[in-house]
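Structure first, then comments.
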Amino acid sequence: MNIGRVFLPFGLILAMLVGSYAATSDVKVVKLDAYNTLRFSPNKIQVQPGQTVKLTLKNESDLPRTAMQHDWLLLRAGSDAKIYAKVALTDKADNYMPKSLAGEVIVGVSLLGPQESHTITFKAPETPGAYPFLCSSPGHSGDGMSGVLIVK
């Protein structure tokens, strides 16, 4: 009689271990750099529907904070990043993230000064498609500081 012992077949133990590993390795880690040249690197990120994304934005600028702040905003598929950036231009009070367009933003990182970084974790959208992202600091997106998150 084996009281207090549970015997599991080797195959079941192996399946549990592999399943546990797969669940933890499903996180997409993204290091996103923002430069004085008003570019993100990379400017294209590919993820799977519903995948967990751990994104770190780093402002690689060496200019003063007043001259070179960067943020990162992921917009809904079909959103017009140019319209968002145009409205954001005049919304300094809300750190260039207009409340009137809050429904367009899925997730974001607030303005960072030179050599600052911030990490966020979020779930990628479930619906495949192209999701634009941008820096809403005045003029940055218009000069090319934008990109796309591809969900497929």
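Order determines the names: the first chain of the structure tokens is A, the second B, and so forth; residues in each chain are numbered 1 upward, and ligands are numbered 1 upward as they are shown.
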Contacts of Gln51 of chain A at 12 Å (only C-alpha atoms; same-chain gap of 3+ positions) as a ChimeraX atom specification | /A:23-29,46-48,54,121-128,150-152
Distance in Å - atom CA of Ser141 of chain A versus atom CA of Leu38 of chain A = 7.7 Å
Which of segment 8-133 of chain A DSSP labels strand (DSSP E), written as a PyMOL selection string | chain A and resi 28-34+40-41+44-47+52-59+70-75+105-112+117-123+129-133
Taking N, CA and C atoms for each residue, export the selection above as a short mmCIF file (atom, residue, chain, number, x, y, z; two decimals), in the first residue's frame.
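Wrote it out as again-v5.cif, contents follow:
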data_model
loop_
_atom_site.label_atom_id
_atom_site.label_comp_id
_atom_site.auth_asym_id
_atom_site.auth_seq_id
_atom_site.Cartn_x
_atom_site.Cartn_y
_atom_site.Cartn_z
N LYS A 28 7.39 37.72 -25.72
CA LYS A 28 8.20 38.41 -26.73
C LYS A 28 8.89 39.58 -26.02
N VAL A 29 10.21 39.54 -25.97
CA VAL A 29 10.99 40.60 -25.34
C VAL A 29 11.47 41.55 -26.43
N VAL A 30 11.14 42.83 -26.26
CA VAL A 30 11.49 43.85 -27.26
C VAL A 30 12.27 44.97 -26.59
N LYS A 31 13.45 45.25 -27.11
CA LYS A 31 14.21 46.43 -26.68
C LYS A 31 14.05 47.46 -27.79
N LEU A 32 13.42 48.57 -27.46
CA LEU A 32 13.13 49.60 -28.43
C LEU A 32 13.93 50.84 -28.06
N ASP A 33 14.80 51.27 -28.96
CA ASP A 33 15.63 52.45 -28.72
C ASP A 33 15.07 53.64 -29.47
N ALA A 34 15.13 54.81 -28.83
CA ALA A 34 14.68 56.06 -29.42
C ALA A 34 15.89 56.99 -29.54
N PHE A 40 12.84 55.14 -34.25
CA PHE A 40 12.83 54.01 -33.34
C PHE A 40 13.64 52.90 -33.98
N SER A 41 14.31 52.11 -33.16
CA SER A 41 14.98 50.93 -33.65
C SER A 41 14.66 49.79 -32.68
N LYS A 44 9.72 48.04 -36.66
CA LYS A 44 8.75 47.00 -36.98
C LYS A 44 8.92 45.88 -35.95
N ILE A 45 7.80 45.52 -35.32
CA ILE A 45 7.80 44.47 -34.31
C ILE A 45 6.74 43.45 -34.72
N GLN A 46 7.10 42.18 -34.71
CA GLN A 46 6.12 41.14 -35.06
C GLN A 46 5.85 40.27 -33.85
N VAL A 47 4.56 40.05 -33.59
CA VAL A 47 4.12 39.24 -32.46
C VAL A 47 2.98 38.33 -32.90
N THR A 52 2.16 37.67 -24.90
CA THR A 52 2.66 38.61 -23.90
C THR A 52 3.90 39.29 -24.47
N VAL A 53 3.93 40.61 -24.36
CA VAL A 53 5.05 41.41 -24.86
C VAL A 53 5.66 42.17 -23.70
N LYS A 54 6.97 42.05 -23.55
CA LYS A 54 7.71 42.82 -22.55
C LYS A 54 8.58 43.80 -23.33
N LEU A 55 8.18 45.07 -23.32
CA LEU A 55 8.83 46.09 -24.14
C LEU A 55 9.55 47.08 -23.24
N THR A 56 10.82 47.31 -23.56
CA THR A 56 11.61 48.33 -22.86
C THR A 56 11.95 49.42 -23.86
N LEU A 57 11.49 50.63 -23.55
CA LEU A 57 11.84 51.81 -24.35
C LEU A 57 13.00 52.51 -23.66
N LYS A 58 14.05 52.80 -24.44
CA LYS A 58 15.18 53.56 -23.90
C LYS A 58 15.41 54.78 -24.78
N ASN A 59 15.45 55.94 -24.15
CA ASN A 59 15.77 57.19 -24.84
C ASN A 59 17.29 57.29 -24.90
N HIS A 70 11.14 61.39 -25.49
CA HIS A 70 10.48 60.41 -26.35
C HIS A 70 9.47 59.60 -25.54
N ASP A 71 8.39 59.24 -26.20
CA ASP A 71 7.43 58.30 -25.64
C ASP A 71 7.13 57.25 -26.70
N TRP A 72 6.27 56.32 -26.38
CA TRP A 72 5.89 55.27 -27.33
C TRP A 72 4.43 54.95 -27.10
N LEU A 73 3.62 55.10 -28.15
CA LEU A 73 2.20 54.83 -28.05
C LEU A 73 1.80 53.84 -29.14
N LEU A 74 1.16 52.76 -28.73
CA LEU A 74 0.65 51.76 -29.66
C LEU A 74 -0.83 52.06 -29.89
N LEU A 75 -1.19 52.28 -31.15
CA LEU A 75 -2.56 52.64 -31.50
C LEU A 75 -3.32 51.43 -32.03
N VAL A 105 -5.52 54.61 -28.20
CA VAL A 105 -4.28 54.08 -27.63
C VAL A 105 -4.54 52.75 -26.92
N ILE A 106 -3.78 51.73 -27.31
CA ILE A 106 -3.86 50.43 -26.66
C ILE A 106 -3.00 50.43 -25.40
N VAL A 107 -1.76 50.89 -25.54
CA VAL A 107 -0.80 50.90 -24.44
C VAL A 107 0.30 51.89 -24.80
N GLY A 108 1.05 52.34 -23.81
CA GLY A 108 2.13 53.28 -24.12
C GLY A 108 3.11 53.44 -22.98
N VAL A 109 4.19 54.14 -23.30
CA VAL A 109 5.22 54.52 -22.34
C VAL A 109 5.25 56.04 -22.36
N SER A 110 5.15 56.66 -21.18
CA SER A 110 5.16 58.11 -21.06
C SER A 110 6.52 58.69 -21.46
N LEU A 111 6.54 60.01 -21.61
CA LEU A 111 7.77 60.70 -22.02
C LEU A 111 8.95 60.37 -21.13
N LEU A 112 10.07 60.06 -21.78
CA LEU A 112 11.32 59.76 -21.09
C LEU A 112 12.38 60.77 -21.49
N SER A 117 14.89 54.86 -19.23
CA SER A 117 14.21 53.74 -19.87
C SER A 117 13.04 53.32 -18.98
N HIS A 118 12.10 52.64 -19.61
CA HIS A 118 10.94 52.14 -18.88
C HIS A 118 10.46 50.86 -19.57
N THR A 119 10.06 49.88 -18.76
CA THR A 119 9.60 48.60 -19.27
C THR A 119 8.12 48.42 -18.95
N ILE A 120 7.38 47.97 -19.95
CA ILE A 120 5.97 47.62 -19.76
C ILE A 120 5.75 46.20 -20.26
N THR A 121 4.74 45.55 -19.72
CA THR A 121 4.34 44.23 -20.18
C THR A 121 2.86 44.32 -20.53
N PHE A 122 2.51 43.80 -21.71
CA PHE A 122 1.13 43.85 -22.17
C PHE A 122 0.84 42.66 -23.07
N LYS A 123 -0.43 42.41 -23.29
CA LYS A 123 -0.86 41.36 -24.21
C LYS A 123 -1.06 41.99 -25.59
N GLY A 129 -3.23 41.91 -37.67
CA GLY A 129 -3.26 43.17 -38.40
C GLY A 129 -2.05 44.03 -38.11
N ALA A 130 -2.08 45.24 -38.64
CA ALA A 130 -1.00 46.22 -38.46
C ALA A 130 -1.47 47.29 -37.47
N TYR A 131 -0.72 47.44 -36.41
CA TYR A 131 -1.02 48.39 -35.35
C TYR A 131 0.08 49.45 -35.34
N PRO A 132 -0.25 50.70 -35.70
CA PRO A 132 0.78 51.73 -35.75
C PRO A 132 1.26 52.14 -34.36
N PHE A 133 2.53 52.51 -34.27
CA PHE A 133 3.02 53.13 -33.04
C PHE A 133 3.80 54.38 -33.41
#
Write out as JSON, numbers by chain the residues lying within 10 Å of Asn36 of chain A, counting only C-alpha atoms and excluding same-chain residues fewer than 4 positions away.
-> {"A": [40, 59, 60, 61, 62, 63, 67, 68, 69, 70, 114, 140]}
Nearest residue to Ser79 of chain A from the set A:Glu116, A:Asp143, A:Glu104, A:Asp94 (distances using only C-alpha atoms) |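 Using only C-alpha atoms, Ser79 of chain A sits closest to A:Glu104.
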Write down as a VMD selection string the residues belonging to chain A that are assigned alpha helix (DSSP H) by DSSP computed on the backbone.
-> chain A and resid 10 to 24 81 to 88
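The smallest atom-to-atom distance between Tyr96 of chain A and any of A:Pro42, A:Pro138, A:Lys82, A:Gly147, using only C-alpha atoms, is found for A:Pro138.
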Among the residues A:Gly50, A:Gly144, A:Ala88, A:Gly113, the one that comes closest to Ser100 of chain A [using only C-alpha atoms] =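 The answer is A:Ala88, which sits nearest to Ser100 of chain A.
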